[in-house]
Amino acid sequence: MPLHNSSFSEEYQRSLSDPEGFWLEAANAVDWAAKPSRAHSDEDAPLSRWFPDGEMNTCHNALDRHVAAGRGDQTALIHDSAMRGEVTTYTYSELTAAVATFAGVLRSLGVGRGDRVVIYLPMIPEAAIAMLATARLGAIHSVVFGGFAASELSVRILDAAPKAIVTTSGGLEPNKQINYLPTVHEALAKAGVPELPVIIKRREGFAESAVEHELTAVDWDAAMAGAQPADPVMVKSTDPLYVLYTSGTTGVPKGVVRDNGGHAVALLWTMDKLYNVQAGDVWWTASDVGWVVGHSYIVYGPLLAGATTLMYEGKPVGTPDAGAFWRVIAQHGVKALFTAPTALRAIRKMDPEAELLKKYDVGTLQTLFTAGERLDTDTFHWASKVLGVPVVDHWWQTETGWGIVGNPQGMGGLPIKAGSPSLPLPGYDLRVVDAVGAEVAPGEEGNIVLALPLPPGTLTTLWNNDQRYVDSYLSVFEGYYTTGDSGYRDQDGYVFVMGRTDDIINVAGHRLSTGSMEQVLGTHPAVAECAVIGVADALKGQKAVGFVVLKAGVSIQAADLERELVALVRKEIGPVADFKSAVVVEALPKTRSGKILRKTMRQIADGDDCKVPSTIEDSSVIEYLRPILRPS
Ligand code: COA
Ligand code: AMP
């Protein structure tokens with residue numbers, strides 16, 4: 001195979017030289033109520049608008065049109081609960097009916113075009129139903145991951161100002177039940193909206209919550225029984241489909257706004273060209289609807305394409321064993337699986353020789369895609385060997401909504417280089433630049449930036465905060481979107497993503513802000529100052545470790561303080577932070593202007609080469625910390 005696939009190269013070049021032609025052609029895959037005459041508008045520059053005069057409905061494109069095209073009896077959604085040992089399926093007709101009815105429930109609560117609905121649900125079909133129903137009304141959903149605590153939920157409720165919240169009695173984690181209603185109750189109180197309607201999907205096995213009578217509770221099943229189904233409401237292509245909050249470098253999450261039309265066009269392009277998944281194929285993304293990967297590739301992408309999407313409630317290991325993924329592939333005839341490398345590392349740790357794979361026929365699997373964090377070369381080689389199919393990394397972020405760099409399997413693919421997600425995808429004019437914005441030579445590491453405008457499907461702004469969008473992403477390098485990742489390109493143009501340049505870390509494929517953890521640690525009465533850094537972890541990629549300096553005169557046992565700080569982060573951010581260690585130190589290394597040298601700390605902890613900045617206030621602090629950061 002040539003190193004550069006010529007049809008892909010041509011398509012890629014065309015996307016940059018003729019974006020109008022390229023994306024208008026891709027837009028033919030969408031069913032429009034008003035077909036767009038233009039692809040892109042920069043009338044609101046630096047904000048960009050895709051298909052500005054187009055009108056459509058995303059839910060109609062994901063459901064109704066497939067029923068109309070004769071796919072009504074095809075399975076749209078398979079829910080496989082390894083937690084309960086149950087499988088539930090919905091055909092396209094059944095899913096359309098359920099979504100239309102739930103849209104009727106939302107409408108009866110006053111939800112209409114442009115209104116927000118917060119969805120706080122685990123991996124159950126109702127999560128997809130609630131998202132699609134919101135989209136059906138032209139309203140805007142904001143899904144919050146179940147592993148976040150009440151404070152995080154309340155911040156999102158405050159910012160999104162929803163008309164209703166959709167939740168459940170609980171979620172299932174291995175060996176424990178997570179009761180959602182006390183968290184919702186606390187979050188509503190904190191956000192100052194205790195009377196917000198709360199639609200509750202009751203799940204078997206969960207006792208009625210004591211707080212329920214204090215909520216304006218609407219029973220999901222009862223409401224569905226009495227609701228009038230709602231038809232899709234056509235919206236402008238540029239109208240928001242959803243807001244998804246993601247970690248920023250400060251404690252305040254960023255509300256990434258996704259539009260309707262650009263999103264549908266981009267996802268449809270990726271299902272075919274990047275993932276090689278077409279109508280009727282079974283596609284499985286093992287993520288969670290609370291993350292962007294779940295939005296794009298559990299719910300919207302596969303359904304827009306008329307494929308069968310598999311929603312998995314379980315873990316890669318322990319539910320019941322490290323053969324769970326192979327069981328699901330074999331049982332449902334999965335053509336392609338998309339997961340995070342950490343899941344593969346977890347499987348490998350439990351079953352290094354993949355003995356459990358021998359129990360299953362996974363012959364339907366054609367490709368394994370990974371994203372969420374770098375696919376380390378060890379895991380890449382292991383997965384390639386045991387599965388015998390292409391293992392394809394691709395790099396993207398919540399903001400972009402789909403792959404920035406990838407290996408287009410639907411276009412014949414590119415040779416895979418271990419450690420690289422391959423080449424920039426259409427619409428992404430990627431550069432690697434130094435601190436002043438000058439492009440660096442191949443092989444040299446720098447900031448990865450993307451020339452504006454970004455392609456369709458990428459964020460249009462931050463919710464209620466255009467200025468923060470501009471300040472955070474567009475102001476560092478004029479004319480470019482700053483990804484926050486660093487990396488390099490090799491002689492063949494392959495991109496190698498090396499890590500974040502900011503205080504965002506990636507724990508088990510979950511994006512977290514060390515800044516928000518520091519804010520929480522700082523509220524403890526014994527803590528004078530602190531730094532949280534992400535250090536390398538063999539299973540989870542990174543783990544958060546806190547270093548705290550005590551206030552003068554405070555005496556507390558280090559072990560007691562650690563226990564309290566761990567509990568505090570769990571309470572304020574949630575178990576997803578996976579914050580397990582806090583170390584008391586005498587001092588933190590700082591520059592003369594008082595900035596804590598977190599990067600230097602991280603490099604020492606990871607055993608990387610590091611040059612201590614000349615601006616350091618007191619270099620003896622580094623020598624003191626060295627054995628603490630990296631015990632021999
Ligand atoms: N609701 C409530 N709690 C949750 C949760 C949810 N949806 N998801 C995770 N948690 C909790 C876990 O129960 C755990 O709690 P504990 O500290 O009491 O044990 C904590 O958050 C950390 O969870 P996690 O990081 O998932 O660690 P784990 O040790 O339970 O599992 C893996 C490790 C690798 C198996 C698991 O992280 C995994 O499957 N990762 C794949 C991630 C992924 O798909 N990411 C999507 C991006 S593409
Ligand atoms: P999220 O917004 O949760 O998708 O996280 C995005 C961040 O995760 C990126 O900015 C990267 O730092 C990291 N990331 C995601 N996918 C990859 C990948 N394939 N390779 C390297 N880093 C990745």
# chains A, B, ... in the order shown; residues from 1 in each chain; ligands from 1
call {"tool": "closest_atom_pairs", "arguments": {"of": "chain A", "to": "ligand 2", "cutoff": "9 Å", "atoms": "only C-alpha atoms and all ligand atoms", "output": "tab-separated table"}}
result
residue	atom	partner	partner_atom_place_in_ligand_line	distance
A:Thr246	CA	ligand 2	2 (O)	6.6
A:Ser247	CA	ligand 2	2 (O)	7.8
A:Trp291	CA	ligand 2	3 (O)	6.6
A:Val292	CA	ligand 2	4 (O)	6.3
A:Val293	CA	ligand 2	4 (O)	6.9
A:Ala340	CA	ligand 2	16 (N)	8.4
A:Pro341	CA	ligand 2	19 (N)	8.8
A:Thr370	CA	ligand 2	19 (N)	6.6
A:Ala371	CA	ligand 2	19 (N)	4.1
A:Gly372	CA	ligand 2	15 (C)	3.5
A:Glu373	CA	ligand 2	23 (C)	3.6
A:Arg374	CA	ligand 2	20 (N)	3.3
A:Leu375	CA	ligand 2	20 (N)	6.1
A:Asp376	CA	ligand 2	20 (N)	8.7
A:Asp393	CA	ligand 2	19 (N)	5.4
A:His394	CA	ligand 2	19 (N)	4.4
A:Trp395	CA	ligand 2	19 (N)	3.5
A:Trp396	CA	ligand 2	16 (N)	5.0
A:Gln397	CA	ligand 2	4 (O)	3.6
A:Thr398	CA	ligand 2	2 (O)	3.6
A:Glu399	CA	ligand 2	2 (O)	6.4
A:Thr400	CA	ligand 2	2 (O)	8.3
A:Gly401	CA	ligand 2	4 (O)	8.0
A:Gly403	CA	ligand 2	16 (N)	8.5
A:Val405	CA	ligand 2	19 (N)	8.1
A:Gly406	CA	ligand 2	19 (N)	8.4
A:Gly419	CA	ligand 2	20 (N)	8.4
A:Ser420	CA	ligand 2	20 (N)	7.7
A:Pro421	CA	ligand 2	19 (N)	6.0
A:Thr483	CA	ligand 2	10 (O)	6.4
A:Gly484	CA	ligand 2	10 (O)	6.2
A:Asp485	CA	ligand 2	12 (O)	5.5
A:Ser486	CA	ligand 2	12 (O)	8.3
A:Phe496	CA	ligand 2	21 (C)	7.8
A:Val497	CA	ligand 2	21 (C)	5.0
A:Met498	CA	ligand 2	21 (C)	6.6
A:Gly499	CA	ligand 2	12 (O)	5.4
A:Arg500	CA	ligand 2	12 (O)	5.1
A:Thr501	CA	ligand 2	12 (O)	8.7
A:Ile504	CA	ligand 2	12 (O)	7.7
A:Ile505	CA	ligand 2	12 (O)	7.5
A:Asn506	CA	ligand 2	8 (O)	6.4
A:Gly509	CA	ligand 2	3 (O)	7.0
A:His510	CA	ligand 2	3 (O)	5.8
A:Arg511	CA	ligand 2	3 (O)	4.4
A:Leu512	CA	ligand 2	3 (O)	8.0
call {"tool": "residues_around", "arguments": {"residues": "Gly205 (chain A)", "least_positions_apart": "6", "cutoff": "10 Å", "atoms": "only C-alpha atoms", "output": "PyMOL selection string"}}
result
chain A and resi 169-170+177
call {"tool": "write_last_selection", "arguments": {"atoms": "all heavy atoms", "output": "mmCIF file, in the first residue's frame"}}
result
data_model
loop_
_atom_site.group_PDB
_atom_site.id
_atom_site.type_symbol
_atom_site.label_atom_id
_atom_site.label_comp_id
_atom_site.auth_asym_id
_atom_site.auth_seq_id
_atom_site.Cartn_x
_atom_site.Cartn_y
_atom_site.Cartn_z
ATOM 1 N N SER A 169 -33.766 6.375 38.950
ATOM 2 C CA SER A 169 -33.509 6.070 40.351
ATOM 3 C C SER A 169 -32.053 5.700 40.557
ATOM 4 O O SER A 169 -31.492 5.962 41.606
ATOM 5 C CB SER A 169 -34.427 4.954 40.842
ATOM 6 O OG SER A 169 -34.741 4.060 39.808
ATOM 7 N N GLY A 170 -31.401 5.101 39.560
ATOM 8 C CA GLY A 170 -30.007 4.786 39.821
ATOM 9 C C GLY A 170 -29.262 4.132 38.688
ATOM 10 O O GLY A 170 -29.823 3.699 37.688
ATOM 11 N N GLN A 177 -24.610 0.064 43.824
ATOM 12 C CA GLN A 177 -25.651 0.830 43.142
ATOM 13 C C GLN A 177 -25.385 2.310 43.389
ATOM 14 O O GLN A 177 -25.000 2.693 44.485
ATOM 15 C CB GLN A 177 -27.015 0.488 43.733
ATOM 16 C CG GLN A 177 -27.505 -0.908 43.407
ATOM 17 C CD GLN A 177 -28.965 -1.080 43.788
ATOM 18 O OE1 GLN A 177 -29.464 -0.388 44.671
ATOM 19 N NE2 GLN A 177 -29.651 -1.994 43.129
#
call {"tool": "residues_near_ligand", "arguments": {"ligand": "ligand 1", "cutoff": "7 Å", "atoms": "only C-alpha atoms and all ligand atoms", "output": "PyMOL selection string"}}
result
chain A and resi 122+145-147+171+173-174+178+286-288+291+293+315-317+339-340+342-343+346+371-372+507-510+539-540+575-578
call {"tool": "atom_distance", "arguments": {"atom1": "CA of Glu94 (chain A)", "atom2": "CA of Thr319 (chain A)"}}
result
28.4 Å
call {"tool": "closest_residue", "arguments": {"among": "A:Ala103, A:Val299, A:Val554, A:Leu568", "to": "Ala127 (chain A)", "atoms": "only C-alpha atoms"}}
result
A:Val299
call {"tool": "closest_residue", "arguments": {"among": "A:Ala536, A:Val566, A:Gln491, A:Cys59", "to": "His524 (chain A)", "atoms": "only C-alpha atoms"}}
result
A:Val566
call {"tool": "select_by_dssp", "arguments": {"residues": "region 296-349 of chain A", "states": "alpha helix (DSSP H)", "output": "list of chain:residue names"}}
result
A:Gly301, A:Pro302, A:Leu303, A:Leu304, A:Ala324, A:Phe325, A:Trp326, A:Arg327, A:Val328, A:Ile329, A:Ala330, A:Gln331, A:His332, A:Pro341, A:Thr342, A:Ala343, A:Leu344, A:Arg345, A:Ala346, A:Ile347, A:Arg348, A:Lys349
call {"tool": "write_last_selection", "arguments": {"atoms": "N, CA, C and O atoms", "output": "tab-separated table (two decimals), in the first residue's frame"}}
result
chain	number	residue	atom	x	y	z
A	301	GLY	N	-24.11	9.38	15.38
A	301	GLY	CA	-23.45	8.89	14.15
A	301	GLY	C	-24.10	7.62	13.61
A	301	GLY	O	-24.57	7.58	12.46
A	302	PRO	N	-24.15	6.55	14.42
A	302	PRO	CA	-24.69	5.30	13.88
A	302	PRO	C	-26.15	5.40	13.48
A	302	PRO	O	-26.56	4.80	12.47
A	303	LEU	N	-26.95	6.16	14.22
A	303	LEU	CA	-28.37	6.25	13.85
A	303	LEU	C	-28.55	7.12	12.61
A	303	LEU	O	-29.38	6.81	11.75
A	304	LEU	N	-27.79	8.18	12.50
A	304	LEU	CA	-27.87	8.98	11.27
A	304	LEU	C	-27.56	8.10	10.06
A	304	LEU	O	-28.15	8.25	8.99
A	324	ALA	N	-15.63	-10.00	28.45
A	324	ALA	CA	-16.93	-9.35	28.22
A	324	ALA	C	-17.01	-8.71	26.82
A	324	ALA	O	-18.03	-8.85	26.13
A	325	PHE	N	-15.95	-8.01	26.41
A	325	PHE	CA	-16.01	-7.35	25.10
A	325	PHE	C	-16.13	-8.39	23.98
A	325	PHE	O	-16.87	-8.19	23.02
A	326	TRP	N	-15.42	-9.51	24.12
A	326	TRP	CA	-15.45	-10.53	23.06
A	326	TRP	C	-16.84	-11.19	23.03
A	326	TRP	O	-17.35	-11.49	21.96
A	327	ARG	N	-17.42	-11.36	24.21
A	327	ARG	CA	-18.78	-11.93	24.27
A	327	ARG	C	-19.77	-11.03	23.53
A	327	ARG	O	-20.59	-11.50	22.72
A	328	VAL	N	-19.67	-9.74	23.76
A	328	VAL	CA	-20.62	-8.81	23.13
A	328	VAL	C	-20.44	-8.80	21.61
A	328	VAL	O	-21.42	-8.83	20.85
A	329	ILE	N	-19.19	-8.78	21.17
A	329	ILE	CA	-18.93	-8.76	19.71
A	329	ILE	C	-19.54	-10.01	19.07
A	329	ILE	O	-20.23	-9.93	18.05
A	330	ALA	N	-19.29	-11.17	19.72
A	330	ALA	CA	-19.77	-12.44	19.14
A	330	ALA	C	-21.30	-12.51	19.18
A	330	ALA	O	-21.94	-12.89	18.20
A	331	GLN	N	-21.87	-12.12	20.31
A	331	GLN	CA	-23.33	-12.27	20.48
A	331	GLN	C	-24.12	-11.39	19.52
A	331	GLN	O	-25.18	-11.78	19.04
A	332	HIS	N	-23.59	-10.21	19.22
A	332	HIS	CA	-24.38	-9.27	18.41
A	332	HIS	C	-23.82	-9.06	17.00
A	332	HIS	O	-24.34	-8.22	16.27
A	341	PRO	N	-8.16	3.17	24.90
A	341	PRO	CA	-7.04	2.26	25.16
A	341	PRO	C	-7.03	1.71	26.58
A	341	PRO	O	-6.63	0.57	26.80
A	342	THR	N	-7.49	2.51	27.54
A	342	THR	CA	-7.46	2.05	28.93
A	342	THR	C	-8.30	0.78	29.10
A	342	THR	O	-7.96	-0.09	29.90
A	343	ALA	N	-9.37	0.66	28.34
A	343	ALA	CA	-10.21	-0.54	28.43
A	343	ALA	C	-9.41	-1.75	27.94
A	343	ALA	O	-9.47	-2.84	28.54
A	344	LEU	N	-8.62	-1.55	26.88
A	344	LEU	CA	-7.80	-2.66	26.36
A	344	LEU	C	-6.70	-3.03	27.36
A	344	LEU	O	-6.39	-4.20	27.57
A	345	ARG	N	-6.14	-2.00	28.00
A	345	ARG	CA	-5.10	-2.29	29.01
A	345	ARG	C	-5.69	-3.06	30.18
A	345	ARG	O	-5.06	-3.95	30.75
A	346	ALA	N	-6.94	-2.70	30.54
A	346	ALA	CA	-7.60	-3.41	31.66
A	346	ALA	C	-7.81	-4.88	31.28
A	346	ALA	O	-7.57	-5.78	32.10
A	347	ILE	N	-8.22	-5.13	30.04
A	347	ILE	CA	-8.44	-6.51	29.60
A	347	ILE	C	-7.11	-7.27	29.59
A	347	ILE	O	-6.99	-8.39	30.10
A	348	ARG	N	-6.10	-6.61	29.05
A	348	ARG	CA	-4.79	-7.27	28.93
A	348	ARG	C	-4.22	-7.61	30.31
A	348	ARG	O	-3.59	-8.66	30.50
A	349	LYS	N	-4.44	-6.71	31.25
A	349	LYS	CA	-3.91	-6.94	32.61
A	349	LYS	C	-4.52	-8.21	33.21
A	349	LYS	O	-3.84	-9.00	33.85
call {"tool": "residues_around", "arguments": {"residues": "Gln74 (chain A)", "least_positions_apart": "6", "cutoff": "12 Å", "atoms": "only C-alpha atoms", "output": "list in words"}}
result
Leu63, His66, Val67, Thr89, Tyr90, Thr91, Tyr92, Ser93, Glu94, Leu95, Thr96, Ala279, Gly280, Asp281, Val282, Leu303, Gly306, Ala307, Thr308 and Thr309 of chain A
call {"tool": "atom_distance", "arguments": {"atom1": "CA of Tyr242 (chain A)", "atom2": "CA of Asp80 (chain A)"}}
result
25.5 Å
call {"tool": "residues_around", "arguments": {"residues": "region 476-482 of chain A", "least_positions_apart": "4", "cutoff": "12 Å", "atoms": "only C-alpha atoms", "output": "NGL selection string"}}
result
:A and (45-48 or 397 or 399-400 or 428-439 or 446-455 or 458-461 or 469-472 or 486 or 500-502)
call {"tool": "residues_around", "arguments": {"residues": "region 152-165 of chain A", "least_positions_apart": "2", "cutoff": "9 Å", "atoms": "only C-alpha atoms", "output": "ChimeraX atom specification"}}
result
/A:106,109-111,115-120,140-142,144-145,148-150,167,183-184,186-193,196-200,243,245,252-253,255,463-464,572-574
call {"tool": "write_last_selection", "arguments": {"atoms": "N, CA and C atoms", "output": "compact mmCIF listing (two decimals), in the first residue's frame"}}
result
# COMPACT_ATOMS: atom_id res chain seq x y z
N LEU A 106 -41.98 15.76 27.09
CA LEU A 106 -41.20 17.00 27.29
C LEU A 106 -42.03 18.22 26.91
N LEU A 109 -44.35 19.44 29.38
CA LEU A 109 -43.72 20.18 30.48
C LEU A 109 -43.24 21.56 30.03
N GLY A 110 -43.61 21.91 28.82
CA GLY A 110 -43.29 23.26 28.35
C GLY A 110 -42.00 23.37 27.57
N VAL A 111 -41.39 22.22 27.24
CA VAL A 111 -40.13 22.28 26.50
C VAL A 111 -40.42 22.52 25.02
N ASP A 115 -35.19 25.50 24.06
CA ASP A 115 -35.12 25.27 25.51
C ASP A 115 -34.09 24.19 25.81
N ARG A 116 -33.58 24.20 27.04
CA ARG A 116 -32.60 23.18 27.42
C ARG A 116 -33.23 22.11 28.30
N VAL A 117 -32.70 20.90 28.14
CA VAL A 117 -33.09 19.76 28.97
C VAL A 117 -31.80 19.11 29.46
N VAL A 118 -31.66 19.01 30.78
CA VAL A 118 -30.47 18.33 31.31
C VAL A 118 -30.79 16.84 31.47
N ILE A 119 -29.87 16.01 31.04
CA ILE A 119 -30.08 14.56 31.08
C ILE A 119 -28.97 13.97 31.96
N TYR A 120 -29.37 13.35 33.05
CA TYR A 120 -28.41 12.77 33.99
C TYR A 120 -28.79 11.31 34.14
N ILE A 140 -32.54 21.72 23.22
CA ILE A 140 -31.08 21.53 23.34
C ILE A 140 -30.80 20.67 24.56
N HIS A 141 -30.15 19.53 24.38
CA HIS A 141 -29.87 18.73 25.57
C HIS A 141 -28.47 18.98 26.12
N SER A 142 -28.38 18.70 27.40
CA SER A 142 -27.06 18.77 28.03
C SER A 142 -26.95 17.55 28.92
N VAL A 144 -25.14 15.02 31.43
CA VAL A 144 -24.10 15.07 32.45
C VAL A 144 -23.73 13.64 32.83
N PHE A 145 -22.45 13.34 32.81
CA PHE A 145 -21.95 11.99 33.11
C PHE A 145 -22.31 11.60 34.55
N PHE A 148 -20.27 12.23 37.94
CA PHE A 148 -20.07 13.55 38.53
C PHE A 148 -20.98 13.74 39.74
N ALA A 149 -20.47 14.47 40.73
CA ALA A 149 -21.21 14.70 41.97
C ALA A 149 -22.18 15.89 41.82
N ALA A 150 -22.92 16.13 42.92
CA ALA A 150 -23.97 17.16 42.89
C ALA A 150 -23.45 18.55 42.51
N THR A 167 -33.80 11.96 34.67
CA THR A 167 -32.88 11.14 35.44
C THR A 167 -33.51 9.78 35.74
N THR A 183 -28.45 12.93 44.61
CA THR A 183 -27.52 13.83 43.91
C THR A 183 -28.31 14.92 43.17
N VAL A 184 -29.37 14.51 42.49
CA VAL A 184 -30.19 15.48 41.75
C VAL A 184 -30.82 16.48 42.73
N GLU A 186 -29.78 17.42 45.66
CA GLU A 186 -28.77 18.35 46.18
C GLU A 186 -28.36 19.36 45.09
N ALA A 187 -28.23 18.86 43.87
CA ALA A 187 -27.81 19.75 42.78
C ALA A 187 -28.87 20.84 42.52
N LEU A 188 -30.14 20.45 42.56
CA LEU A 188 -31.20 21.43 42.30
C LEU A 188 -31.22 22.48 43.42
N ALA A 189 -31.01 22.02 44.65
CA ALA A 189 -30.98 22.96 45.77
C ALA A 189 -29.81 23.92 45.60
N LYS A 190 -28.65 23.37 45.27
CA LYS A 190 -27.45 24.22 45.10
C LYS A 190 -27.64 25.22 43.96
N ALA A 191 -28.34 24.78 42.91
CA ALA A 191 -28.53 25.67 41.75
C ALA A 191 -29.69 26.64 41.99
N GLY A 192 -30.39 26.46 43.11
CA GLY A 192 -31.49 27.38 43.44
C GLY A 192 -32.74 27.14 42.61
N VAL A 193 -32.89 25.91 42.08
CA VAL A 193 -34.10 25.60 41.29
C VAL A 193 -34.74 24.30 41.81
N LEU A 196 -37.64 22.51 39.77
CA LEU A 196 -37.52 22.10 38.37
C LEU A 196 -38.13 20.71 38.18
N PRO A 197 -38.95 20.52 37.12
CA PRO A 197 -39.50 19.18 36.90
C PRO A 197 -38.40 18.13 36.70
N VAL A 198 -38.55 17.02 37.41
CA VAL A 198 -37.55 15.94 37.33
C VAL A 198 -38.27 14.69 36.80
N ILE A 199 -37.94 14.30 35.59
CA ILE A 199 -38.55 13.09 35.03
C ILE A 199 -37.69 11.90 35.46
N ILE A 200 -38.34 10.94 36.11
CA ILE A 200 -37.58 9.84 36.71
C ILE A 200 -37.93 8.51 36.04
N VAL A 243 -25.49 21.07 24.28
CA VAL A 243 -24.38 21.68 25.01
C VAL A 243 -23.76 20.55 25.82
N TYR A 245 -20.76 19.88 28.54
CA TYR A 245 -19.74 20.54 29.37
C TYR A 245 -18.50 19.67 29.44
N VAL A 252 -14.28 26.01 36.23
CA VAL A 252 -15.61 26.18 35.61
C VAL A 252 -15.63 25.45 34.27
N PRO A 253 -16.51 24.44 34.12
CA PRO A 253 -16.49 23.69 32.86
C PRO A 253 -16.96 24.53 31.68
N GLY A 255 -19.07 24.92 28.27
CA GLY A 255 -20.25 24.36 27.62
C GLY A 255 -20.08 24.37 26.10
N TRP A 463 -21.40 27.86 25.44
CA TRP A 463 -22.75 28.27 25.79
C TRP A 463 -22.75 29.59 26.55
N ASN A 464 -23.48 30.55 26.04
CA ASN A 464 -23.62 31.85 26.70
C ASN A 464 -22.31 32.58 26.88
N GLU A 572 -17.16 16.62 45.99
CA GLU A 572 -17.36 17.84 45.20
C GLU A 572 -17.30 17.61 43.70
N ILE A 573 -16.42 16.71 43.26
CA ILE A 573 -16.31 16.48 41.80
C ILE A 573 -16.99 15.18 41.42
N GLY A 574 -16.72 14.14 42.22
CA GLY A 574 -17.36 12.86 41.94
C GLY A 574 -16.33 11.74 41.88
